[in-house]
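So the structure is just underneath, and the comments pick up after that.
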Amino acid sequence: MRARIAAEAVRLKEAHRIVPTVAVVLVGDDPASALYVATKEKAVKETGFAARDLRFPASSSESALILEVEKLNADPSVHGILVQMPLPPHIEPRRVIGAIHSGKDVDGLTPANAGRLLTGEFGLNRGLVACTPLGAMMLLKETLGAQLSGLDAVVIGRSTLVGKPMAQLLLQENCTVTMAHSQTRDLAARAARADILVSAVGRAELVKGDWIKRGAAVIDVGMNRKAGADGKSKLVGDVAFDEALEVAGAITPVPGGVGPMTIACLMRNTLIAASLQAGLPSRDV
Ligand code: NAP
């Protein structure tokens with residue numbers, strides 16, 4: 001998918017002199033956030049796009065940050081705006097995200113784009129969808145295709161970033177969706193009835209092998225640190241992978257599953273945004 005996006009970026013440049021450009025906004029000096037930003041900027045450049053790096057001190061005020069977002073909204077050379085989370089505690093993320101122009105919201109998180117997902121007005125030439133659920137849905141479609149319709153799906157986690165948009169996408173594909181969260185009763189029994197199980201919680205290996213129906217498709221969104229047998233910290237998902245592998249029909253690994261798809265969808269959203277801002281129809285990649 002990244003290769004197809006890169007080929008489309010070459011075409012946009014040659015035919016229309018457009019280089020899709022993402023502005024990445026980082027506030028403060030949290031090392032994990034700096035690493036995420038560096039990963040995204042590397043992918044942006046590898047795809048033939050341009051990245052504009054904007055860094056602000058942790059002491060920046062909310063109004064100053066919103067002013068910077070508004071400048072980027074008005075800048076025709078910027079097609080996509082990413083604000084890296086988390087923001088310092090004195091800044092309300094919803095107000096900053098809400099300031100991003102929905103056409104440049106390549107993370108798909110503004111109320112306008114979330115609303116379009118709810119009303120079904122998304123897809124090429126329309127609203128931008130949150131990258132992680134979009135990537136997860138692409139994996140499901142590629143694996144299950146037309147068989148998605150009518151399946152029982154359980155989404156564990158109800159965040160605005162992952163759980164809620166994931167449930168909407170599944171509903172759009174005619175799945176029967178259950179949304180589970182920290183207050184859900186009998187979570188294991190509910191999960192065990194799912195043909196599609198998506199976990200977006202952030203608890204290492206919460207989902208055990210016996211929570212999974214034989215043959216189910218399992219999407220593990222979680223990214224958690226856990227001490228390995230050698231005492232070194234390793235990245236694991238929300239799903240006990242080795243146990244799950246025995247019963248699942250298909251499963252995403254951590255790392256190497258949903259994470260790379262999230263980045264690829266970020267590139268795809270940027271391509272769509274750049275095309276639309278130039279008045280061109282966006283092509284499917
Ligand atoms: P979040 O905002 O903290 O939401 C977590 C959700 O899990 C909440 O809805 C919470 O329920 C629910 N939950 C917590 N403990 C639970 C439990 N014991 N049983 C059932 N549900 C429980 O997290 P997020 O931003 O959605 O991220 C979730 C995970 O995905 C994290 O590990 C994050 O790092 C990862 N992630 C990965 C990617 C990627 O690209 N791979 C992208 C985004 C996020 P309540 O609502 O009741 O509190």
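Labels used: A, B, ... for chains in the order of the structure tokens, numbers from 1 for residues in each chain, and numbers from 1 for ligands as shown.
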
Residues within 6 Å of ligand 1 should be enumerated using only C-alpha atoms and all ligand atoms and returned as a PDB file with N, CA and C atoms, in the first residue's frame.
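Contents of the output file result_39.pdb:
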ATOM      1  N   THR A 132      -6.079   4.404  12.583  1.00  0.00           N
ATOM      2  CA  THR A 132      -5.942   3.057  13.157  1.00  0.00           C
ATOM      3  C   THR A 132      -7.156   2.171  12.827  1.00  0.00           C
ATOM      4  N   ILE A 156     -13.388  -4.220  22.012  1.00  0.00           N
ATOM      5  CA  ILE A 156     -13.095  -3.926  23.423  1.00  0.00           C
ATOM      6  C   ILE A 156     -12.334  -2.598  23.459  1.00  0.00           C
ATOM      7  N   GLY A 157     -12.901  -1.615  24.147  1.00  0.00           N
ATOM      8  CA  GLY A 157     -12.335  -0.261  24.181  1.00  0.00           C
ATOM      9  C   GLY A 157     -13.262   0.682  23.446  1.00  0.00           C
ATOM     10  N   ARG A 158     -13.514   1.862  24.029  1.00  0.00           N
ATOM     11  CA  ARG A 158     -14.481   2.803  23.428  1.00  0.00           C
ATOM     12  C   ARG A 158     -13.896   4.199  23.292  1.00  0.00           C
ATOM     13  N   SER A 159     -12.598   4.275  23.003  1.00  0.00           N
ATOM     14  CA  SER A 159     -11.989   5.602  22.852  1.00  0.00           C
ATOM     15  C   SER A 159     -12.446   6.258  21.550  1.00  0.00           C
ATOM     16  N   LEU A 161     -10.397   7.700  19.652  1.00  0.00           N
ATOM     17  CA  LEU A 161      -9.300   7.436  18.718  1.00  0.00           C
ATOM     18  C   LEU A 161      -9.463   6.096  17.998  1.00  0.00           C
ATOM     19  N   VAL A 162      -9.881   5.063  18.727  1.00  0.00           N
ATOM     20  CA  VAL A 162      -9.929   3.724  18.125  1.00  0.00           C
ATOM     21  C   VAL A 162     -11.301   3.040  18.259  1.00  0.00           C
ATOM     22  N   GLY A 163     -11.732   2.777  19.485  1.00  0.00           N
ATOM     23  CA  GLY A 163     -12.905   1.918  19.701  1.00  0.00           C
ATOM     24  C   GLY A 163     -14.157   2.406  19.001  1.00  0.00           C
ATOM     25  N   HIS A 181     -16.146  -2.359  27.349  1.00  0.00           N
ATOM     26  CA  HIS A 181     -15.250  -1.389  28.006  1.00  0.00           C
ATOM     27  C   HIS A 181     -14.963  -1.856  29.415  1.00  0.00           C
ATOM     28  N   SER A 182     -14.420  -0.962  30.231  1.00  0.00           N
ATOM     29  CA  SER A 182     -13.959  -1.402  31.553  1.00  0.00           C
ATOM     30  C   SER A 182     -15.109  -1.833  32.467  1.00  0.00           C
ATOM     31  N   GLN A 183     -16.330  -1.397  32.157  1.00  0.00           N
ATOM     32  CA  GLN A 183     -17.469  -1.755  33.019  1.00  0.00           C
ATOM     33  C   GLN A 183     -18.283  -2.927  32.455  1.00  0.00           C
ATOM     34  N   ALA A 200      -8.745  -2.849  21.757  1.00  0.00           N
ATOM     35  CA  ALA A 200      -8.041  -1.553  21.811  1.00  0.00           C
ATOM     36  C   ALA A 200      -8.150  -1.054  23.241  1.00  0.00           C
ATOM     37  N   VAL A 201      -7.379  -1.666  24.116  1.00  0.00           N
ATOM     38  CA  VAL A 201      -7.494  -1.410  25.552  1.00  0.00           C
ATOM     39  C   VAL A 201      -6.210  -0.793  26.117  1.00  0.00           C
ATOM     40  N   GLY A 202      -5.083  -1.462  25.856  1.00  0.00           N
ATOM     41  CA  GLY A 202      -3.831  -1.009  26.461  1.00  0.00           C
ATOM     42  C   GLY A 202      -3.510  -1.775  27.741  1.00  0.00           C
ATOM     43  N   VAL A 221      -5.023  -4.123  18.632  1.00  0.00           N
ATOM     44  CA  VAL A 221      -4.574  -2.726  18.489  1.00  0.00           C
ATOM     45  C   VAL A 221      -3.599  -2.345  19.603  1.00  0.00           C
ATOM     46  N   GLY A 222      -3.696  -3.024  20.726  1.00  0.00           N
ATOM     47  CA  GLY A 222      -2.938  -2.639  21.926  1.00  0.00           C
ATOM     48  C   GLY A 222      -1.431  -2.618  21.717  1.00  0.00           C
ATOM     49  N   MET A 223      -0.785  -1.685  22.369  1.00  0.00           N
ATOM     50  CA  MET A 223       0.694  -1.615  22.367  1.00  0.00           C
ATOM     51  C   MET A 223       1.108  -1.429  23.819  1.00  0.00           C
ATOM     52  N   ASN A 224       1.695  -2.477  24.373  1.00  0.00           N
ATOM     53  CA  ASN A 224       2.035  -2.454  25.797  1.00  0.00           C
ATOM     54  C   ASN A 224       3.463  -2.944  25.998  1.00  0.00           C
ATOM     55  N   VAL A 258      -1.227  -3.847  13.236  1.00  0.00           N
ATOM     56  CA  VAL A 258      -2.035  -2.632  13.092  1.00  0.00           C
ATOM     57  C   VAL A 258      -1.160  -1.365  13.003  1.00  0.00           C
ATOM     58  N   GLY A 259      -0.030  -1.363  13.701  1.00  0.00           N
ATOM     59  CA  GLY A 259       0.839  -0.174  13.719  1.00  0.00           C
ATOM     60  C   GLY A 259       1.256   0.283  12.327  1.00  0.00           C
ATOM     61  N   THR A 262      -1.568   1.728  10.392  1.00  0.00           N
ATOM     62  CA  THR A 262      -1.947   3.076  10.830  1.00  0.00           C
ATOM     63  C   THR A 262      -1.127   4.112  10.058  1.00  0.00           C
TER      64      THR A 262
END

- Message: Can you pull out the residues contacting Gly80 of chain A? Cut-off 9 Å, using only C-alpha atoms, and skip same-chain residues under 4 positions away; I want them as a PyMOL selection string.
- Response: chain A and resi 20-24+72-73+103-107+269-271+273-274

Just write the chosen residues, all heavy atoms, as a tab-separated table (two decimals), in the first residue's frame.
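Dumped everything to again-v9.tsv:
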chain	number	residue	atom	x	y	z
A	20	PRO	N	2.44	16.26	-1.62
A	20	PRO	CA	1.64	16.19	-0.41
A	20	PRO	C	2.50	16.50	0.82
A	20	PRO	O	3.58	15.93	0.99
A	20	PRO	CB	1.15	14.73	-0.38
A	20	PRO	CG	1.21	14.30	-1.81
A	20	PRO	CD	2.38	15.02	-2.41
A	21	THR	N	2.03	17.45	1.63
A	21	THR	CA	2.84	17.94	2.74
A	21	THR	C	2.07	17.86	4.06
A	21	THR	O	0.92	18.30	4.14
A	21	THR	CB	3.26	19.41	2.47
A	21	THR	OG1	4.02	19.42	1.26
A	21	THR	CG2	4.10	19.98	3.60
A	22	VAL	N	2.74	17.26	5.05
A	22	VAL	CA	2.13	17.11	6.37
A	22	VAL	C	2.88	17.99	7.36
A	22	VAL	O	4.11	17.94	7.42
A	22	VAL	CB	2.23	15.65	6.88
A	22	VAL	CG1	1.38	15.46	8.13
A	22	VAL	CG2	1.85	14.66	5.82
A	23	ALA	N	2.16	18.77	8.15
A	23	ALA	CA	2.77	19.51	9.26
A	23	ALA	C	2.58	18.69	10.52
A	23	ALA	O	1.46	18.29	10.84
A	23	ALA	CB	2.09	20.86	9.40
A	24	VAL	N	3.69	18.41	11.19
A	24	VAL	CA	3.63	17.60	12.42
A	24	VAL	C	3.94	18.52	13.60
A	24	VAL	O	5.01	19.11	13.67
A	24	VAL	CB	4.65	16.44	12.35
A	24	VAL	CG1	4.51	15.54	13.58
A	24	VAL	CG2	4.45	15.62	11.09
A	72	LEU	N	-1.65	27.09	9.95
A	72	LEU	CA	-1.47	25.92	9.06
A	72	LEU	C	-2.73	25.69	8.23
A	72	LEU	O	-2.66	25.30	7.06
A	72	LEU	CB	-1.12	24.68	9.88
A	72	LEU	CG	0.23	24.73	10.61
A	72	LEU	CD1	0.37	23.56	11.60
A	72	LEU	CD2	1.39	24.70	9.61
A	73	ASN	N	-3.91	25.91	8.84
A	73	ASN	CA	-5.17	25.78	8.09
A	73	ASN	C	-5.15	26.69	6.86
A	73	ASN	O	-5.61	26.32	5.79
A	73	ASN	CB	-6.35	26.21	8.97
A	73	ASN	CG	-6.74	25.16	10.00
A	73	ASN	OD1	-6.39	24.00	9.88
A	73	ASN	ND2	-7.47	25.59	11.02
A	103	GLY	N	-10.70	19.33	6.36
A	103	GLY	CA	-10.07	18.87	5.12
A	103	GLY	C	-8.59	18.58	5.27
A	103	GLY	O	-7.98	17.92	4.43
A	104	LYS	N	-7.97	19.09	6.36
A	104	LYS	CA	-6.55	18.84	6.61
A	104	LYS	C	-6.36	17.88	7.79
A	104	LYS	O	-5.23	17.62	8.21
A	104	LYS	CB	-5.82	20.16	6.90
A	104	LYS	CG	-5.82	21.10	5.70
A	104	LYS	CD	-4.88	22.29	5.90
A	104	LYS	CE	-4.88	23.16	4.64
A	104	LYS	NZ	-3.87	24.22	4.70
A	105	ASP	N	-7.46	17.35	8.29
A	105	ASP	CA	-7.44	16.50	9.49
A	105	ASP	C	-7.09	15.06	9.08
A	105	ASP	O	-7.95	14.17	9.06
A	105	ASP	CB	-8.82	16.59	10.14
A	105	ASP	CG	-9.06	15.55	11.20
A	105	ASP	OD1	-8.08	15.15	11.87
A	105	ASP	OD2	-10.23	15.14	11.37
A	106	VAL	N	-5.80	14.82	8.77
A	106	VAL	CA	-5.40	13.51	8.24
A	106	VAL	C	-5.41	12.42	9.31
A	106	VAL	O	-5.34	11.23	8.98
A	106	VAL	CB	-4.02	13.58	7.53
A	106	VAL	CG1	-4.16	14.26	6.19
A	106	VAL	CG2	-2.97	14.28	8.40
A	107	ASP	N	-5.54	12.80	10.58
A	107	ASP	CA	-5.74	11.81	11.64
A	107	ASP	C	-7.22	11.40	11.75
A	107	ASP	O	-7.54	10.45	12.45
A	107	ASP	CB	-5.29	12.39	13.00
A	107	ASP	CG	-3.89	11.93	13.39
A	107	ASP	OD1	-3.42	10.91	12.85
A	107	ASP	OD2	-3.28	12.60	14.24
A	269	ASN	N	-4.60	9.12	3.79
A	269	ASN	CA	-5.43	10.29	4.10
A	269	ASN	C	-4.79	11.57	3.58
A	269	ASN	O	-5.46	12.48	3.10
A	269	ASN	CB	-5.65	10.41	5.61
A	269	ASN	CG	-6.79	9.53	6.11
A	269	ASN	OD1	-7.54	8.96	5.32
A	269	ASN	ND2	-6.93	9.42	7.42
A	270	THR	N	-3.46	11.64	3.67
A	270	THR	CA	-2.76	12.85	3.21
A	270	THR	C	-2.90	12.99	1.69
A	270	THR	O	-3.10	14.10	1.17
A	270	THR	CB	-1.27	12.78	3.61
A	270	THR	OG1	-1.20	12.59	5.01
A	270	THR	CG2	-0.52	14.04	3.23
A	271	LEU	N	-2.80	11.87	1.01
A	271	LEU	CA	-2.96	11.87	-0.45
A	271	LEU	C	-4.36	12.35	-0.83
A	271	LEU	O	-4.53	13.19	-1.73
A	271	LEU	CB	-2.74	10.43	-0.94
A	271	LEU	CG	-2.38	10.22	-2.38
A	271	LEU	CD1	-1.09	10.93	-2.73
A	271	LEU	CD2	-2.23	8.71	-2.64
A	273	ALA	N	-6.34	14.20	1.02
A	273	ALA	CA	-6.46	15.62	1.39
A	273	ALA	C	-5.80	16.50	0.34
A	273	ALA	O	-6.37	17.52	-0.08
A	273	ALA	CB	-5.83	15.84	2.77
A	274	ALA	N	-4.59	16.11	-0.10
A	274	ALA	CA	-3.85	16.93	-1.07
A	274	ALA	C	-4.62	17.00	-2.40
A	274	ALA	O	-4.72	18.07	-3.01
A	274	ALA	CB	-2.45	16.34	-1.29

Considering only C-alpha atoms, tabulate each residue of segment 132-218 of chain A that lies at most 7 Å from segment 242-256 of chain A along with its nearest interatomic pair and the corresponding distance in Å to one decimal; arrange the rows by chain and ascending residue number and present them as JSON lines.
{"residue": "A:Lys208", "atom": "CA", "partner": "A:Glu243", "partner_atom": "CA", "distance": 6.7}
{"residue": "A:Gly209", "atom": "CA", "partner": "A:Ala244", "partner_atom": "CA", "distance": 4.3}
{"residue": "A:Ile212", "atom": "CA", "partner": "A:Ala248", "partner_atom": "CA", "distance": 6.7}
{"residue": "A:Lys213", "atom": "CA", "partner": "A:Val247", "partner_atom": "CA", "distance": 6.9}
{"residue": "A:Arg214", "atom": "CA", "partner": "A:Val247", "partner_atom": "CA", "distance": 4.8}
{"residue": "A:Gly215", "atom": "CA", "partner": "A:Gly249", "partner_atom": "CA", "distance": 3.7}
{"residue": "A:Ala216", "atom": "CA", "partner": "A:Ala248", "partner_atom": "CA", "distance": 5.0}
{"residue": "A:Ala217", "atom": "CA", "partner": "A:Ala250", "partner_atom": "CA", "distance": 4.7}
{"residue": "A:Val218", "atom": "CA", "partner": "A:Ile251", "partner_atom": "CA", "distance": 4.6}

- For segment 29-32 of chain A, work out the shell of residues within 10 Å, counting only C-alpha atoms and skipping chain neighbours fewer than 6 positions away, then give it as a PyMOL selection string. chain A and resi 38+55-58+85-88

Mind writing the picked residues with N, CA and C atoms as a compact mmCIF listing (two decimals), in the first residue's frame?
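Below is the file part_7.txt, written as the result:
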# COMPACT_ATOMS: atom_id res chain seq x y z
N ALA A 38 9.06 11.07 14.93
CA ALA A 38 10.16 10.72 14.02
C ALA A 38 9.75 9.58 13.09
N ARG A 55 7.86 22.42 16.40
CA ARG A 55 8.03 22.04 17.82
C ARG A 55 7.79 23.26 18.70
N PHE A 56 7.07 23.03 19.79
CA PHE A 56 6.76 24.12 20.72
C PHE A 56 7.08 23.68 22.13
N PRO A 57 7.50 24.62 23.00
CA PRO A 57 7.81 24.24 24.38
C PRO A 57 6.56 23.81 25.14
N ALA A 58 6.78 22.96 26.16
CA ALA A 58 5.66 22.46 26.97
C ALA A 58 4.89 23.58 27.65
N MET A 85 -0.27 13.60 20.29
CA MET A 85 -0.79 13.48 21.65
C MET A 85 0.20 12.68 22.49
N PRO A 86 0.25 12.79 23.80
CA PRO A 86 -0.58 13.69 24.60
C PRO A 86 -0.03 15.11 24.61
N LEU A 87 -0.94 16.06 24.85
CA LEU A 87 -0.53 17.45 25.02
C LEU A 87 -0.29 17.71 26.52
N PRO A 88 0.47 18.76 26.87
CA PRO A 88 0.66 19.07 28.29
C PRO A 88 -0.70 19.25 28.98

- Message: Among segment 178-256 of chain A, which residues does DSSP mark as strand (DSSP E) when it is run on the backbone? Keep the chain and numbering as in the structure and answer as a ChimeraX atom specification.
- Response: /A:178-180,196-199,217-220,224-227,233-236,250-251

- Task: Skip Val177 of chain A itself and residues of its chain fewer than 2 positions away, then list as a PyMOL selection string all residues within 7 Å of it, counting only C-alpha atoms.
- Result: chain A and resi 152-154+167+170-171+175+179

- Quick one: residues within 6 Å of Gly98 of chain A, only C-alpha atoms counted, chain neighbours fewer than 3 positions away excluded, as a list in words?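 These residues fall inside the cut-off: Arg94, Arg95 and Thr110 of chain A.
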
- Message: Considering only C-alpha atoms, can you say which of A:Ala240, A:Ala50, A:Leu124, A:Val129 comes closest to Glu205 of chain A?
- Response: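 With only C-alpha atoms as the atom set, the closest residue is A:Ala240.
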
- Task: Find the residues around Leu169 of chain A up to 8 Å (only C-alpha atoms counted), leave out those fewer than 3 positions away in its own chain, and share them as a PyMOL selection string.
- Result: chain A and resi 117+133-134+137+165-166+172-173

Residues of the last selection are to be written out with all heavy atoms, as a PDB file, in the first residue's frame.
ATOM      1  N   LEU A 117     -18.315  10.066   9.690  1.00  0.00           N
ATOM      2  CA  LEU A 117     -18.235   8.603   9.833  1.00  0.00           C
ATOM      3  C   LEU A 117     -19.569   8.074  10.366  1.00  0.00           C
ATOM      4  O   LEU A 117     -20.088   7.057   9.895  1.00  0.00           O
ATOM      5  CB  LEU A 117     -17.072   8.256  10.782  1.00  0.00           C
ATOM      6  CG  LEU A 117     -16.821   6.785  11.059  1.00  0.00           C
ATOM      7  CD1 LEU A 117     -16.550   6.018   9.772  1.00  0.00           C
ATOM      8  CD2 LEU A 117     -15.634   6.615  12.004  1.00  0.00           C
ATOM      9  N   PRO A 133      -8.398   2.642  13.085  1.00  0.00           N
ATOM     10  CA  PRO A 133      -9.528   1.798  12.690  1.00  0.00           C
ATOM     11  C   PRO A 133      -9.619   1.586  11.181  1.00  0.00           C
ATOM     12  O   PRO A 133      -9.992   0.493  10.736  1.00  0.00           O
ATOM     13  CB  PRO A 133     -10.760   2.554  13.208  1.00  0.00           C
ATOM     14  CG  PRO A 133     -10.282   3.785  13.825  1.00  0.00           C
ATOM     15  CD  PRO A 133      -8.814   3.817  13.862  1.00  0.00           C
ATOM     16  N   LEU A 134      -9.230   2.602  10.406  1.00  0.00           N
ATOM     17  CA  LEU A 134      -9.279   2.440   8.944  1.00  0.00           C
ATOM     18  C   LEU A 134      -8.329   1.317   8.510  1.00  0.00           C
ATOM     19  O   LEU A 134      -8.693   0.452   7.709  1.00  0.00           O
ATOM     20  CB  LEU A 134      -8.895   3.764   8.271  1.00  0.00           C
ATOM     21  CG  LEU A 134      -8.875   3.784   6.757  1.00  0.00           C
ATOM     22  CD1 LEU A 134     -10.253   3.485   6.176  1.00  0.00           C
ATOM     23  CD2 LEU A 134      -8.397   5.143   6.224  1.00  0.00           C
ATOM     24  N   MET A 137      -9.731  -2.036   9.480  1.00  0.00           N
ATOM     25  CA  MET A 137     -10.819  -2.446   8.584  1.00  0.00           C
ATOM     26  C   MET A 137     -10.276  -2.941   7.245  1.00  0.00           C
ATOM     27  O   MET A 137     -10.788  -3.907   6.677  1.00  0.00           O
ATOM     28  CB  MET A 137     -11.789  -1.263   8.385  1.00  0.00           C
ATOM     29  CG  MET A 137     -12.945  -1.570   7.481  1.00  0.00           C
ATOM     30  SD  MET A 137     -13.767  -3.142   7.853  1.00  0.00           S
ATOM     31  CE  MET A 137     -14.817  -2.680   9.206  1.00  0.00           C
ATOM     32  N   PRO A 165     -14.701   4.767  16.469  1.00  0.00           N
ATOM     33  CA  PRO A 165     -14.707   4.722  14.993  1.00  0.00           C
ATOM     34  C   PRO A 165     -14.620   3.294  14.445  1.00  0.00           C
ATOM     35  O   PRO A 165     -15.199   2.991  13.397  1.00  0.00           O
ATOM     36  CB  PRO A 165     -13.482   5.559  14.591  1.00  0.00           C
ATOM     37  CG  PRO A 165     -12.678   5.775  15.822  1.00  0.00           C
ATOM     38  CD  PRO A 165     -13.600   5.621  16.984  1.00  0.00           C
ATOM     39  N   MET A 166     -13.945   2.397  15.152  1.00  0.00           N
ATOM     40  CA  MET A 166     -13.868   0.992  14.696  1.00  0.00           C
ATOM     41  C   MET A 166     -15.264   0.386  14.662  1.00  0.00           C
ATOM     42  O   MET A 166     -15.636  -0.285  13.696  1.00  0.00           O
ATOM     43  CB  MET A 166     -12.970   0.213  15.678  1.00  0.00           C
ATOM     44  CG  MET A 166     -12.673  -1.204  15.254  1.00  0.00           C
ATOM     45  SD  MET A 166     -11.505  -1.221  13.883  1.00  0.00           S
ATOM     46  CE  MET A 166     -12.350  -2.150  12.647  1.00  0.00           C
ATOM     47  N   GLN A 172     -20.986  -0.219   9.447  1.00  0.00           N
ATOM     48  CA  GLN A 172     -21.119   0.153   8.036  1.00  0.00           C
ATOM     49  C   GLN A 172     -20.992  -1.077   7.132  1.00  0.00           C
ATOM     50  O   GLN A 172     -21.578  -1.118   6.063  1.00  0.00           O
ATOM     51  CB  GLN A 172     -19.999   1.156   7.705  1.00  0.00           C
ATOM     52  CG  GLN A 172     -20.229   1.995   6.509  1.00  0.00           C
ATOM     53  CD  GLN A 172     -21.224   3.112   6.803  1.00  0.00           C
ATOM     54  OE1 GLN A 172     -21.326   3.564   7.930  1.00  0.00           O
ATOM     55  NE2 GLN A 172     -21.960   3.528   5.793  1.00  0.00           N
ATOM     56  N   GLU A 173     -20.240  -2.057   7.580  1.00  0.00           N
ATOM     57  CA  GLU A 173     -20.054  -3.291   6.794  1.00  0.00           C
ATOM     58  C   GLU A 173     -21.075  -4.357   7.181  1.00  0.00           C
ATOM     59  O   GLU A 173     -20.897  -5.544   6.911  1.00  0.00           O
ATOM     60  CB  GLU A 173     -18.638  -3.841   6.998  1.00  0.00           C
ATOM     61  CG  GLU A 173     -17.545  -2.946   6.451  1.00  0.00           C
ATOM     62  CD  GLU A 173     -17.635  -2.714   4.954  1.00  0.00           C
ATOM     63  OE1 GLU A 173     -18.057  -3.617   4.221  1.00  0.00           O
ATOM     64  OE2 GLU A 173     -17.297  -1.594   4.530  1.00  0.00           O
TER      65      GLU A 173
END

- Per DSSP on the backbone, filter segment 87-273 of chain A down to the residues in alpha helix (DSSP H) and report them as an NGL selection string. :A and (93-99 or 111-119 or 131-144 or 163-172 or 187-191 or 241-247 or 258-273)

- Could you tell me how far atom CA of Ile219 of chain A lies from atom CA of Arg185 of chain A, in Å and to one decimal? 21.1 Å

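For the residues A:Ser102, A:Met267, A:Ala204, A:Leu276, ranking by smallest atom-to-atom distance to Ala3 of chain A using only C-alpha atoms places A:Met267 first.
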
- Query: Do you have the atom CA of Ser77 of chain A-atom CA of Ser59 of chain A distance handy?
  - Reply: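 Interatomic distance here is 27.8 Å.
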
- Message: Give me the residues near Asp284 of chain A as a list in words, where near means some atom within 9 Å (using only C-alpha atoms) and where sequence neighbours in that chain fewer than 2 positions away do not count.
- Response: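 These residues fall inside the cut-off: Leu124, Arg268, Ile272 and Ser282 of chain A.
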
- Counting only C-alpha atoms, the residue among A:Lys42, A:Val236, A:Arg52, A:Ala34 that lies closest to Asp75 of chain A is A:Arg52

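The residue that comes closest to Pro260 of chain A, out of A:Ala191, A:Leu280, A:Ala43, A:Ala9 and on the basis of only C-alpha atoms, is A:Ala43.
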
- Item | Point-to-point distance from atom CA of His79 of chain A to atom CA of Leu139 of chain A, Å rounded to tenths |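 Between atom CA of His79 of chain A and atom CA of Leu139 of chain A the gap works out to 26.1 Å.
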